[in-house]
file entry-v8.cif (mmCIF, C-alpha atoms)
data_target
loop_
_atom_site.label_atom_id
_atom_site.label_comp_id
_atom_site.auth_asym_id
_atom_site.auth_seq_id
_atom_site.Cartn_x
_atom_site.Cartn_y
_atom_site.Cartn_z
CA MET A 1 -62.84 13.26 -27.90
CA THR A 2 -65.02 11.73 -30.56
CA THR A 3 -68.33 13.50 -30.84
CA SER A 4 -68.02 16.81 -29.05
CA ASP A 5 -71.74 17.37 -28.56
CA ALA A 6 -72.35 14.15 -26.61
CA PHE A 7 -73.27 14.47 -22.94
CA ARG A 8 -70.86 12.36 -20.87
CA LEU A 9 -71.61 11.14 -17.37
CA LEU A 10 -69.06 9.52 -15.06
CA VAL A 11 -70.21 7.33 -12.19
CA PRO A 12 -67.60 5.74 -9.92
CA VAL A 13 -69.04 2.69 -8.19
CA ALA A 14 -68.12 0.34 -5.40
CA ASP A 15 -70.11 -2.32 -3.62
CA SER A 16 -72.16 -0.07 -1.34
CA VAL A 17 -75.69 -0.33 0.04
CA SER A 18 -76.97 2.41 -2.23
CA VAL A 19 -75.11 1.57 -5.44
CA ARG A 20 -78.20 -0.03 -6.98
CA ASN A 21 -80.28 3.11 -6.40
CA THR A 22 -77.50 5.31 -7.71
CA VAL A 23 -77.39 3.34 -10.93
CA ALA A 24 -81.18 3.67 -11.25
CA HIS A 25 -80.84 7.43 -10.76
CA VAL A 26 -78.13 7.91 -13.41
CA VAL A 27 -79.93 5.71 -15.92
CA ASP A 28 -83.01 7.89 -15.41
CA MET A 29 -80.90 11.02 -15.88
CA ALA A 30 -79.16 9.59 -18.95
CA THR A 31 -82.42 8.46 -20.56
CA ASN A 32 -83.89 11.95 -20.18
CA ALA A 33 -80.78 13.58 -21.62
CA ALA A 34 -80.70 11.06 -24.49
CA GLU A 35 -83.91 12.56 -25.89
CA ASP A 36 -81.94 15.61 -27.09
CA ARG A 37 -78.43 14.38 -27.77
CA PRO A 38 -76.15 11.33 -27.58
CA VAL A 39 -75.25 10.28 -24.04
CA GLU A 40 -72.24 8.35 -22.87
CA LEU A 41 -72.58 6.75 -19.45
CA HIS A 42 -69.18 5.84 -18.01
CA VAL A 43 -69.42 3.52 -15.02
CA VAL A 44 -65.99 2.90 -13.49
CA ASP A 45 -64.56 0.97 -10.60
CA VAL A 46 -61.46 2.59 -9.15
CA ALA A 47 -59.01 -0.12 -8.11
CA SER A 48 -57.05 0.59 -4.95
CA THR A 49 -54.24 -1.92 -5.53
CA ARG A 50 -51.99 -2.13 -8.54
CA ALA A 51 -52.76 -4.79 -11.11
CA VAL A 52 -49.36 -6.43 -10.52
CA ASP A 53 -49.95 -7.03 -6.80
CA PRO A 54 -50.78 -10.45 -5.36
CA ASP A 55 -54.13 -9.34 -3.90
CA ALA A 56 -55.07 -7.54 -7.10
CA ILE A 57 -56.53 -10.64 -8.76
CA GLU A 58 -59.28 -10.85 -6.17
CA GLU A 59 -60.03 -7.13 -6.24
CA LEU A 60 -60.11 -6.93 -10.02
CA ALA A 61 -62.38 -9.98 -10.18
CA ALA A 62 -64.76 -8.33 -7.71
CA ALA A 63 -64.60 -5.13 -9.75
CA SER A 64 -65.48 -6.78 -13.05
CA ASP A 65 -68.22 -8.73 -11.30
CA LEU A 66 -69.69 -5.47 -9.98
CA LEU A 67 -69.44 -3.83 -13.40
CA ALA A 68 -71.20 -6.82 -14.99
CA ARG A 69 -74.01 -6.36 -12.47
CA VAL A 70 -74.15 -2.65 -13.28
CA GLU A 71 -74.51 -3.48 -16.97
CA ALA A 72 -77.43 -5.78 -16.15
CA TRP A 73 -79.02 -3.09 -13.96
CA VAL A 74 -78.67 -0.45 -16.66
CA ALA A 75 -80.36 -2.76 -19.19
CA GLU A 76 -83.10 -3.48 -16.65
CA ASP A 77 -83.70 0.19 -15.79
CA ALA A 78 -83.71 1.25 -19.42
CA GLY A 79 -86.68 -1.08 -19.93
CA GLY A 80 -84.73 -3.75 -21.77
CA GLU A 81 -84.42 -1.43 -24.74
CA PRO A 82 -81.95 1.40 -24.15
CA PRO A 83 -82.30 4.50 -26.35
CA ALA A 84 -80.17 4.20 -29.45
CA ASN A 85 -78.00 7.16 -28.53
CA LEU A 86 -77.25 5.98 -24.98
CA LYS A 87 -73.87 4.34 -24.83
CA LEU A 88 -72.66 2.49 -21.72
CA VAL A 89 -68.94 2.29 -21.02
CA THR A 90 -67.66 0.28 -18.07
CA ASP A 91 -64.04 0.19 -17.00
CA VAL A 92 -61.69 -0.47 -14.12
CA ILE A 93 -59.34 2.46 -13.67
CA GLY A 94 -56.48 3.35 -11.37
CA ALA A 95 -54.92 -0.12 -11.48
CA ALA A 96 -51.58 1.43 -12.39
CA ARG A 97 -50.84 2.74 -8.92
CA TYR A 98 -51.64 2.49 -5.25
CA LEU A 99 -54.43 4.74 -4.00
CA PHE A 100 -54.66 5.69 -0.38
CA SER A 101 -56.64 8.81 0.40
CA PRO A 102 -59.80 10.27 -1.10
CA GLY A 103 -57.47 12.80 -2.75
CA ASP A 104 -55.75 9.99 -4.73
CA TYR A 105 -59.12 8.72 -5.93
CA ALA A 106 -60.15 12.23 -6.93
CA ASP A 107 -56.95 12.54 -9.01
CA VAL A 108 -57.64 9.29 -10.87
CA LEU A 109 -61.28 10.22 -11.51
CA LEU A 110 -60.39 13.69 -12.75
CA GLU A 111 -57.68 12.33 -15.02
CA TYR A 112 -60.19 9.94 -16.54
CA ALA A 113 -62.76 12.72 -16.81
CA ASP A 114 -60.24 14.89 -18.62
CA GLU A 115 -59.31 12.16 -21.10
CA GLN A 116 -62.91 11.26 -21.88
CA GLY A 117 -64.32 14.78 -21.87
CA ILE A 118 -66.73 14.09 -19.01
CA ASP A 119 -69.38 16.73 -18.31
CA ARG A 120 -70.76 15.54 -15.04
CA ILE A 121 -69.66 13.22 -12.23
CA VAL A 122 -72.42 11.56 -10.21
CA LEU A 123 -71.43 10.13 -6.84
CA ASP A 124 -73.08 7.41 -4.86
CA PRO A 125 -73.61 8.92 -1.37
CA GLU A 126 -72.18 5.79 0.22
CA TYR A 127 -69.11 5.82 -2.04
CA ASN A 128 -66.20 6.45 0.33
CA PRO A 129 -63.00 5.32 -1.35
CA GLY A 130 -59.80 5.76 0.58
CA GLY A 131 -61.77 5.61 3.78
CA ALA A 132 -64.00 8.05 5.55
CA ALA A 133 -61.47 8.82 8.25
CA PRO A 134 -62.50 12.02 10.03
CA MET A 135 -59.18 13.71 9.39
CA LEU A 136 -59.36 13.29 5.60
CA ARG A 137 -61.30 15.51 3.30
CA PRO A 138 -64.01 13.39 1.69
CA LEU A 139 -63.99 12.67 -2.02
CA THR A 140 -66.77 15.18 -2.72
CA ILE A 141 -64.65 18.03 -1.38
CA GLU A 142 -61.50 16.79 -3.13
CA LEU A 143 -63.37 16.74 -6.45
CA ALA A 144 -64.95 20.13 -5.88
CA LEU A 145 -61.56 21.67 -5.11
CA ALA A 146 -60.15 20.54 -8.44
CA ASP A 147 -59.88 23.15 -11.12
CA TYR A 148 -62.03 21.55 -13.82
CA GLU A 149 -65.29 22.62 -15.33
CA ILE A 150 -67.13 19.48 -14.35
CA GLU A 151 -70.39 19.31 -12.47
CA ILE A 152 -70.22 17.17 -9.36
CA GLU A 153 -73.43 15.76 -8.07
CA GLU A 154 -74.34 13.36 -5.31
CA ALA A 155 -77.10 10.98 -6.36
CA PRO A 156 -80.25 11.84 -4.39
CA VAL A 157 -80.83 8.32 -3.12
CA ALA A 158 -81.71 7.22 0.38
CA ARG A 159 -78.80 6.58 2.67
CA ARG A 160 -79.23 3.72 5.03
CA ALA A 161 -77.70 5.54 7.95
CA GLN A 162 -75.79 8.71 8.57
CA ARG A 163 -72.35 7.99 9.84
CA THR A 164 -71.36 9.70 13.04
CA VAL A 165 -69.06 12.55 12.25
CA LEU A 166 -66.08 13.10 14.48
CA VAL A 167 -65.23 16.58 13.29
CA ARG A 168 -68.02 18.94 14.25
CA ALA A 169 -68.32 22.67 14.19
CA ALA A 170 -66.21 23.95 17.03
CA SER A 171 -68.09 26.13 19.46
CA LEU A 172 -66.98 28.55 22.16
CA PRO A 173 -67.61 26.17 25.09
CA LYS A 174 -65.55 23.55 23.29
CA TYR A 175 -62.64 25.93 22.78
CA LEU A 176 -62.86 27.10 26.38
CA ALA A 177 -62.99 23.55 27.76
CA VAL A 178 -60.01 22.34 25.72
CA PHE A 179 -58.02 25.50 26.39
CA GLY A 180 -58.73 25.46 30.13
CA ALA A 181 -57.93 21.77 30.50
CA SER A 182 -54.68 21.93 28.54
CA TYR A 183 -53.48 25.16 30.22
CA LEU A 184 -54.23 23.76 33.67
CA PHE A 185 -52.50 20.49 32.85
CA TYR A 186 -49.44 22.31 31.49
CA MET A 187 -49.18 24.53 34.55
CA LEU A 188 -49.52 21.60 36.96
CA LEU A 189 -46.60 19.90 35.27
CA SER A 190 -44.48 23.06 35.08
CA SER A 191 -42.38 24.82 37.67
CA TRP A 192 -44.47 28.04 37.84
CA LYS A 193 -41.68 30.33 36.61
CA PRO A 194 -42.96 33.41 34.75
CA ILE A 195 -41.85 31.97 31.42
CA ASP A 196 -43.99 28.87 32.03
CA PHE A 197 -47.13 31.00 31.91
CA GLY A 198 -46.10 32.21 28.46
CA THR A 199 -45.10 28.83 27.02
CA GLY A 200 -48.20 27.32 28.61
CA LEU A 201 -50.39 29.92 26.94
CA LEU A 202 -48.74 29.17 23.62
CA THR A 203 -49.04 25.40 24.02
CA ALA A 204 -52.66 25.54 25.18
CA THR A 205 -53.54 27.80 22.25
CA LEU A 206 -51.91 25.39 19.77
CA VAL A 207 -53.64 22.39 21.33
CA THR A 208 -56.97 24.20 21.26
CA VAL A 209 -56.70 25.25 17.63
CA LEU A 210 -55.62 21.78 16.51
CA LEU A 211 -57.75 19.56 18.70
CA ALA A 212 -60.90 21.43 19.74
CA PRO A 213 -62.75 20.31 16.58
CA VAL A 214 -62.24 16.64 17.47
CA ALA A 215 -62.24 16.88 21.24
CA PHE A 216 -65.84 16.13 22.16
CA SER A 217 -68.45 13.84 20.71
CA GLU A 218 -71.14 16.22 21.91
CA GLN A 219 -71.28 19.82 22.96
CA PRO A 220 -69.70 20.17 26.38
CA SER A 221 -71.85 21.61 29.11
CA PHE A 222 -69.95 23.08 32.03
CA ALA A 223 -72.81 22.34 34.38
CA ARG A 224 -72.76 18.66 33.42
CA ILE A 225 -68.97 18.39 33.52
CA GLY A 226 -68.97 20.06 36.95
CA LYS A 227 -71.61 17.70 38.31
CA GLN A 228 -69.82 14.66 36.90
CA THR A 229 -66.52 15.82 38.41
CA VAL A 230 -68.08 16.21 41.85
CA ARG A 231 -69.72 12.79 41.59
CA MET A 232 -66.43 11.33 40.34
CA LEU A 233 -64.83 12.62 43.56
CA VAL A 234 -67.49 10.74 45.52
CA TYR A 235 -66.89 7.63 43.40
CA THR A 236 -63.10 7.61 43.81
CA PRO A 237 -62.98 6.62 47.52
CA TYR A 238 -65.53 3.89 46.84
CA LEU A 239 -63.41 2.62 43.95
CA LEU A 240 -60.24 2.79 46.09
CA LYS A 241 -61.94 0.73 48.78
CA GLU A 242 -63.01 -1.84 46.18
CA ILE A 243 -59.47 -1.91 44.81
CA ALA A 244 -58.01 -2.47 48.26
CA VAL A 245 -60.43 -5.35 48.89
CA ALA A 246 -59.68 -6.77 45.45
CA ASN A 247 -55.99 -6.78 46.13
CA LEU A 248 -56.30 -8.45 49.51
CA GLN A 249 -58.39 -11.18 47.87
CA ILE A 250 -55.90 -11.62 45.03
CA ALA A 251 -53.01 -11.65 47.49
CA TYR A 252 -54.82 -14.32 49.52
CA VAL A 253 -55.53 -16.45 46.46
CA VAL A 254 -52.06 -16.06 45.00
CA LEU A 255 -50.20 -16.76 48.24
CA HIS A 256 -52.48 -19.62 49.35
CA PRO A 257 -50.58 -22.91 48.95
CA ALA A 258 -53.53 -24.60 47.20
CA LEU A 259 -54.13 -21.71 44.76
CA PRO A 260 -57.96 -21.77 45.26
CA ILE A 261 -59.13 -20.34 41.95
CA ASP A 262 -62.18 -21.16 39.84
CA PRO A 263 -61.89 -19.02 36.72
CA GLU A 264 -64.83 -18.60 34.38
CA VAL A 265 -65.75 -16.26 31.54
CA VAL A 266 -69.13 -14.56 31.96
CA GLU A 267 -71.21 -12.12 29.91
CA LEU A 268 -72.83 -9.01 31.30
CA GLN A 269 -75.29 -6.63 29.68
CA ALA A 270 -74.40 -3.49 31.55
CA ALA A 271 -76.95 -0.74 32.04
CA VAL A 272 -74.58 2.09 31.14
CA TRP A 273 -74.56 4.07 27.92
CA GLY A 274 -71.99 6.22 26.18
CA ASP A 275 -68.28 5.85 25.55
CA ALA A 276 -67.03 7.51 28.72
CA ALA A 277 -69.36 5.59 31.02
CA VAL A 278 -68.66 2.22 29.37
CA THR A 279 -64.91 2.84 29.49
CA THR A 280 -65.06 3.85 33.15
CA LEU A 281 -67.04 0.74 34.03
CA ALA A 282 -64.76 -1.53 32.00
CA ASN A 283 -61.65 -0.18 33.71
CA SER A 284 -63.29 -0.26 37.14
CA ILE A 285 -64.28 -3.89 36.61
CA THR A 286 -60.69 -4.72 35.70
CA LEU A 287 -59.40 -3.02 38.84
CA THR A 288 -61.80 -4.64 41.30
CA PRO A 289 -62.39 -8.03 42.90
CA GLY A 290 -61.22 -10.85 40.66
CA THR A 291 -62.82 -9.58 37.45
CA LEU A 292 -61.13 -8.60 34.21
CA THR A 293 -62.86 -7.07 31.20
CA VAL A 294 -61.88 -9.14 28.16
CA SER A 295 -63.95 -7.41 25.50
CA VAL A 296 -66.73 -4.89 25.17
CA THR A 297 -69.17 -4.49 22.29
CA ASP A 298 -71.59 -1.64 22.86
CA ARG A 299 -72.98 -2.58 26.27
CA ALA A 300 -72.11 -6.28 26.22
CA PHE A 301 -69.15 -7.01 28.48
CA THR A 302 -67.18 -10.23 28.32
CA ILE A 303 -65.58 -10.64 31.72
CA HIS A 304 -63.06 -13.14 33.00
CA SER A 305 -63.58 -13.83 36.69
CA LEU A 306 -61.07 -15.47 38.96
CA THR A 307 -63.31 -16.76 41.74
CA ALA A 308 -67.00 -17.50 42.32
CA GLY A 309 -67.17 -14.73 44.90
CA ALA A 310 -65.96 -12.24 42.33
CA ARG A 311 -68.75 -13.25 39.95
CA ALA A 312 -71.37 -12.83 42.67
CA ASP A 313 -70.09 -9.30 43.40
CA LEU A 314 -70.15 -8.46 39.71
CA PHE A 315 -73.79 -9.41 39.27
CA ASP A 316 -74.73 -7.60 42.47
CA GLY A 317 -73.95 -4.59 40.32
CA GLY A 318 -72.37 -2.31 42.92
CA LEU A 319 -69.81 -0.91 40.51
CA GLU A 320 -72.26 -0.57 37.68
CA ARG A 321 -74.59 1.39 39.92
CA ALA A 322 -71.75 3.63 41.06
CA VAL A 323 -70.68 4.38 37.48
CA ARG A 324 -74.29 5.22 36.59
CA PHE A 325 -74.35 7.59 39.55
CA VAL A 326 -71.23 9.36 38.28
CA PHE A 327 -72.53 9.85 34.76
CA TYR A 328 -76.29 10.21 35.14
CA GLY A 329 -76.93 11.26 38.73
CA ARG A 330 -78.68 9.80 41.71
CA GLU A 331 -81.98 8.85 40.06
CA SER A 332 -80.29 6.32 37.78
CA MET A 333 -79.09 4.32 40.78
CA ALA A 334 -82.61 2.92 41.10
CA ILE A 335 -82.11 0.71 38.01
CA ALA A 336 -82.17 -2.94 39.02
CA THR A 337 -78.97 -4.97 39.42
CA PRO A 338 -77.81 -7.21 36.55
CA ARG A 339 -79.10 -10.27 38.41
CA GLU A 340 -82.56 -8.78 38.93
CA ARG A 341 -82.69 -7.65 35.29
CA GLY A 342 -81.74 -11.14 34.11
CA ASP A 343 -78.83 -9.57 32.20
CA ASP A 344 -76.33 -11.91 33.76
CA GLY A 345 -76.34 -14.41 30.90
CA GLY A 346 -77.60 -17.22 33.14
CA ASN A 347 -74.43 -17.16 35.19
CA SER A 348 -76.09 -16.16 38.44
CA ASP A 349 -75.35 -19.46 40.17
CA GLY A 350 -72.05 -18.08 41.42
CA MET B 1 -39.41 9.05 63.27
CA THR B 2 -42.33 11.38 62.66
CA PRO B 3 -45.80 10.03 61.82
CA VAL B 4 -45.31 11.14 58.20
CA GLU B 5 -42.13 9.14 57.96
CA TRP B 6 -43.94 6.12 59.38
CA ALA B 7 -46.64 6.59 56.78
CA ILE B 8 -44.03 6.78 54.02
CA VAL B 9 -42.37 3.59 55.20
CA ALA B 10 -45.71 1.82 55.55
CA LEU B 11 -46.84 2.84 52.04
CA ALA B 12 -43.55 1.86 50.46
CA ALA B 13 -43.57 -1.49 52.26
CA LEU B 14 -47.16 -2.22 51.22
CA GLY B 15 -46.31 -1.18 47.68
CA ALA B 16 -43.39 -3.60 47.64
CA PHE B 17 -45.61 -6.32 49.10
CA PHE B 18 -48.28 -5.97 46.41
CA SER B 19 -45.69 -5.74 43.65
CA GLY B 20 -44.29 -8.98 45.04
CA VAL B 21 -47.76 -10.52 45.00
CA ALA B 22 -48.09 -9.50 41.36
CA ALA B 23 -44.79 -11.17 40.49
CA ILE B 24 -45.66 -14.36 42.39
CA GLY B 25 -49.12 -14.36 40.84
CA ILE B 26 -47.73 -14.15 37.33
CA ILE B 27 -45.57 -17.19 38.05
CA ARG B 28 -48.14 -19.28 39.93
CA LEU B 29 -51.39 -18.65 38.06
CA PRO B 30 -52.17 -21.08 35.23
CA ASP B 31 -53.01 -19.08 32.07
CA VAL B 32 -52.83 -15.70 30.38
CA TYR B 33 -56.20 -14.49 31.69
CA THR B 34 -55.60 -15.30 35.32
CA ARG B 35 -52.09 -13.86 35.07
CA ALA B 36 -53.57 -10.66 33.68
CA HIS B 37 -55.60 -10.46 36.90
CA ALA B 38 -52.43 -10.45 38.96
CA ALA B 39 -50.69 -8.04 36.61
CA SER B 40 -53.54 -5.55 36.50
CA LYS B 41 -54.67 -5.42 40.11
CA SER B 42 -51.74 -6.17 42.35
CA ASP B 43 -49.28 -4.36 40.13
CA THR B 44 -51.46 -1.23 39.98
CA LEU B 45 -51.83 -1.09 43.74
CA GLY B 46 -48.15 -1.80 44.26
CA ALA B 47 -47.11 1.04 41.97
CA VAL B 48 -49.76 3.37 43.33
CA LEU B 49 -48.74 2.83 46.96
CA THR B 50 -45.09 3.37 46.08
CA ILE B 51 -45.90 6.58 44.22
CA ALA B 52 -48.07 7.70 47.13
CA ALA B 53 -45.07 7.18 49.42
CA ALA B 54 -42.97 9.28 47.06
CA ALA B 55 -45.65 11.98 46.98
CA LEU B 56 -45.57 12.20 50.77
CA ALA B 57 -41.78 12.20 50.86
CA LEU B 58 -41.47 14.97 48.28
CA GLU B 59 -43.43 17.45 50.43
CA THR B 60 -43.35 20.41 48.03
CA GLY B 61 -46.79 21.05 46.59
CA LEU B 62 -46.03 20.88 42.89
CA SER B 63 -44.05 17.63 42.98
CA THR B 64 -46.88 16.07 44.93
CA ALA B 65 -49.31 17.23 42.23
CA LYS B 66 -47.14 15.53 39.63
CA ALA B 67 -47.04 12.34 41.67
CA VAL B 68 -50.83 12.46 41.88
CA PHE B 69 -50.93 12.74 38.09
CA LEU B 70 -48.78 9.62 37.92
CA LEU B 71 -51.29 7.86 40.18
CA VAL B 72 -54.20 8.87 37.97
CA PHE B 73 -52.44 7.68 34.83
CA MET B 74 -51.50 4.37 36.47
CA PHE B 75 -55.19 3.88 37.26
CA LEU B 76 -56.16 4.66 33.70
CA THR B 77 -53.47 2.80 31.78
CA ASN B 78 -52.94 -0.37 33.82
CA PRO B 79 -56.45 -1.77 33.46
CA THR B 80 -56.44 -0.70 29.82
CA ALA B 81 -53.23 -2.62 29.18
CA ALA B 82 -54.57 -5.70 31.00
CA HIS B 83 -57.74 -5.47 28.95
CA ALA B 84 -55.70 -5.22 25.74
CA VAL B 85 -53.70 -8.33 26.66
CA ALA B 86 -56.84 -10.28 27.56
CA ARG B 87 -58.67 -9.22 24.42
CA ALA B 88 -55.70 -10.10 22.23
CA ALA B 89 -55.64 -13.52 23.89
CA LYS B 90 -59.35 -13.96 23.20
CA ASP B 91 -58.92 -12.87 19.58
CA GLN B 92 -56.18 -15.48 19.24
CA GLY B 93 -58.69 -18.09 20.38
CA ILE B 94 -56.94 -18.97 23.63
CA GLU B 95 -59.37 -20.89 25.84
CA PRO B 96 -59.46 -19.78 29.47
CA TRP B 97 -58.15 -22.26 32.01
CA THR B 98 -60.85 -23.79 34.20
CA THR B 99 -60.77 -26.09 37.21
CA GLU B 100 -61.49 -29.05 34.89
CA ASN B 101 -58.08 -28.54 33.26
CA ASP B 102 -56.53 -29.40 36.58
CA GLN B 103 -57.50 -33.08 36.55
#
call {"tool": "encode", "arguments": {"input": "entry-v8.cif", "output": "structure tokens"}}
result
Amino acid sequence: MTTSDAFRLLVPVADSVSVRNTVAHVVDMATNAAEDRPVELHVVDVASTRAVDPDAIEELAAASDLLARVEAWVAEDAGGEPPANLKLVTDVIGAARYLFSPGDYADVLLEYADEQGIDRIVLDPEYNPGGAAPMLRPLTIELALADYEIEIEEAPVARRAQRTVLVRAASLPKYLAVFGASYLFYMLLSSWKPIDFGTGLLTATLVTVLLAPVAFSEQPSFARIGKQTVRMLVYTPYLLKEIAVANLQIAYVVLHPALPIDPEVVELQAAVWGDAAVTTLANSITLTPGTLTVSVTDRAFTIHSLTAGARADLFDGGLERAVRFVFYGRESMAIATPRERGDDGGNSDG
Amino acid sequence: MTPVEWAIVALAALGAFFSGVAAIGIIRLPDVYTRAHAASKSDTLGAVLTIAAAALALETGLSTAKAVFLLVFMFLTNPTAAHAVARAAKDQGIEPWTTENDQ
């Protein structure tokens, strides 16, 4: 430590959408603090690879490029003439080892903070080093857990979008749904000896405790699940019939001496929403007449079709309508077919 | 033979037939996408019919329930696998075969 009375700020940066605003915020904060005492503003880029690695050259170049931009921004925000007692320090840290999780990044930042006598760490809200995987504790928590007397603050700048969070507060219906489903599944696979009830109880409890927080993307409603299950039971025979027809057609095509196929890739904007519904439709399309789902992005399906007849069936939208019925009820069946909507990507000639 | 036994034989025979169709399809069809059609549809039905025959033959309630689970998982995983193969092929930039390739 050089001058013990200086106020030292640490800002880890990466190329994020809000990094510019974060820099503006810390410069504002530093300029205000500089009226009373010297301020050191440490802007660092935490390198994820080691400096000796082959891909490090690119990452380190990007890092120094970003830091150069930060220096320009700081000069710009300070009105071209930074206060005399505001000192800017930029550095790339952590290049001595591999960093994987937010915890590793927190360690490197805290080490640096300890060496430099940092008083406050300001985080860019979009700064997510080591990934924002739902199972990992985010950097903010990792830093807060550390046993240092450092203030941690998230820069109050606008986020572009809130990420969807996988881990949500677990509620009673969630626990009940996961517990019921796993107990039932265990018992159906067991031999119904008295001990199976005990081991099943134990297993279901473990599964519930571990997985209930990540089990649903929204709060389960037993009424909705019940309705969907009943409608799924109505859908199954229809799907089985379609599958049977599909297989007879494939068998005919495959065993026909002339192999009468006319494959073509088509696009379909399906009128279904939500992960479960899209997945059901994608799998149903794959199982039924001459159509195979190649890729799905949101609602846009890329489908490989084996014959012209298969394409015509696809755009008649029977399956799509049936899947809508399962997930949203009878009213939604009134939505027009892909061909009527014009969502068939101009492939309706088949 | 009882009607149930006839049903078992019929299901097993149909299952074998469709599995055979899947195998022939994989050999005869021209490219990865069309082959995935044969693998996903005919193979699923072939396996499902065979398992259904086993479910009938097993008689006891719990074994049948397990066979039904197998059916459900075949229906879920087979199309998913076919989709994965097709998507991997697309990501690799493999162009689908069309009738023009035949000339």
call {"tool": "interface_residues", "arguments": {"input": "entry-v8.cif", "of": "chain B", "to": "chain A", "cutoff": "10 Å", "atoms": "only C-alpha atoms", "output": "JSON list (two decimals) with C-alpha atoms, in the coordinates of the input"}}
result
[["chain", "number", "residue", "atom", "x", "y", "z"],
["B", 17, "PHE", "CA", -45.61, -6.32, 49.10],
["B", 18, "PHE", "CA", -48.28, -5.97, 46.41],
["B", 20, "GLY", "CA", -44.29, -8.98, 45.04],
["B", 21, "VAL", "CA", -47.76, -10.52, 45.00],
["B", 22, "ALA", "CA", -48.09, -9.50, 41.36],
["B", 23, "ALA", "CA", -44.79, -11.17, 40.49],
["B", 24, "ILE", "CA", -45.66, -14.36, 42.39],
["B", 25, "GLY", "CA", -49.12, -14.36, 40.84],
["B", 26, "ILE", "CA", -47.73, -14.15, 37.33],
["B", 27, "ILE", "CA", -45.57, -17.19, 38.05],
["B", 28, "ARG", "CA", -48.14, -19.28, 39.93],
["B", 29, "LEU", "CA", -51.39, -18.65, 38.06],
["B", 30, "PRO", "CA", -52.17, -21.08, 35.23],
["B", 33, "TYR", "CA", -56.20, -14.49, 31.69],
["B", 34, "THR", "CA", -55.60, -15.30, 35.32],
["B", 35, "ARG", "CA", -52.09, -13.86, 35.07],
["B", 36, "ALA", "CA", -53.57, -10.66, 33.68],
["B", 37, "HIS", "CA", -55.60, -10.46, 36.90],
["B", 38, "ALA", "CA", -52.43, -10.45, 38.96],
["B", 40, "SER", "CA", -53.54, -5.55, 36.50],
["B", 41, "LYS", "CA", -54.67, -5.42, 40.11],
["B", 42, "SER", "CA", -51.74, -6.17, 42.35],
["B", 43, "ASP", "CA", -49.28, -4.36, 40.13],
["B", 44, "THR", "CA", -51.46, -1.23, 39.98],
["B", 45, "LEU", "CA", -51.83, -1.09, 43.74],
["B", 46, "GLY", "CA", -48.15, -1.80, 44.26],
["B", 62, "LEU", "CA", -46.03, 20.88, 42.89],
["B", 63, "SER", "CA", -44.05, 17.63, 42.98],
["B", 65, "ALA", "CA", -49.31, 17.23, 42.23],
["B", 66, "LYS", "CA", -47.14, 15.53, 39.63],
["B", 67, "ALA", "CA", -47.04, 12.34, 41.67],
["B", 69, "PHE", "CA", -50.93, 12.74, 38.09],
["B", 75, "PHE", "CA", -55.19, 3.88, 37.26],
["B", 76, "LEU", "CA", -56.16, 4.66, 33.70],
["B", 77, "THR", "CA", -53.47, 2.80, 31.78],
["B", 78, "ASN", "CA", -52.94, -0.37, 33.82],
["B", 79, "PRO", "CA", -56.45, -1.77, 33.46],
["B", 80, "THR", "CA", -56.44, -0.70, 29.82],
["B", 81, "ALA", "CA", -53.23, -2.62, 29.18],
["B", 82, "ALA", "CA", -54.57, -5.70, 31.00],
["B", 83, "HIS", "CA", -57.74, -5.47, 28.95],
["B", 84, "ALA", "CA", -55.70, -5.22, 25.74],
["B", 85, "VAL", "CA", -53.70, -8.33, 26.66],
["B", 86, "ALA", "CA", -56.84, -10.28, 27.56],
["B", 87, "ARG", "CA", -58.67, -9.22, 24.42],
["B", 88, "ALA", "CA", -55.70, -10.10, 22.23],
["B", 89, "ALA", "CA", -55.64, -13.52, 23.89],
["B", 90, "LYS", "CA", -59.35, -13.96, 23.20],
["B", 91, "ASP", "CA", -58.92, -12.87, 19.58],
["B", 95, "GLU", "CA", -59.37, -20.89, 25.84],
["B", 96, "PRO", "CA", -59.46, -19.78, 29.47],
["B", 97, "TRP", "CA", -58.15, -22.26, 32.01],
["B", 98, "THR", "CA", -60.85, -23.79, 34.20],
["B", 99, "THR", "CA", -60.77, -26.09, 37.21],
["B", 100, "GLU", "CA", -61.49, -29.05, 34.89]]
call {"tool": "atom_distance", "arguments": {"input": "entry-v8.cif", "atom1": "atom CA of Glu59 of chain A", "atom2": "atom CA of Asp124 of chain A"}}
result
19.6 Å
call {"tool": "atom_distance", "arguments": {"input": "entry-v8.cif", "atom1": "atom CA of Gly200 of chain A", "atom2": "atom CA of Tyr183 of chain A"}}
result
5.9 Å
call {"tool": "closest_residue", "arguments": {"input": "entry-v8.cif", "among": "B:Met74, B:Ala53, B:Thr60, B:Val68", "to": "Trp6 of chain B", "atoms": "all atoms listed in the file"}}
result
B:Ala53
call {"tool": "residues_around", "arguments": {"input": "entry-v8.cif", "residues": "Ala181 of chain A", "least_positions_apart": "5", "cutoff": "9 Å", "atoms": "all atoms listed in the file", "output": "PDB file with C-alpha atoms, in the coordinates of the input"}}
result
ATOM      1  CA  LEU A 176     -62.860  27.100  26.380  1.00  0.00           C
ATOM      2  CA  TYR A 186     -49.440  22.310  31.490  1.00  0.00           C
ATOM      3  CA  ALA A 204     -52.660  25.540  25.180  1.00  0.00           C
TER       4      ALA A 204
END
call {"tool": "atom_distance", "arguments": {"input": "entry-v8.cif", "atom1": "atom CA of Leu88 of chain A", "atom2": "atom CA of Asp28 of chain A"}}
result
13.3 Å
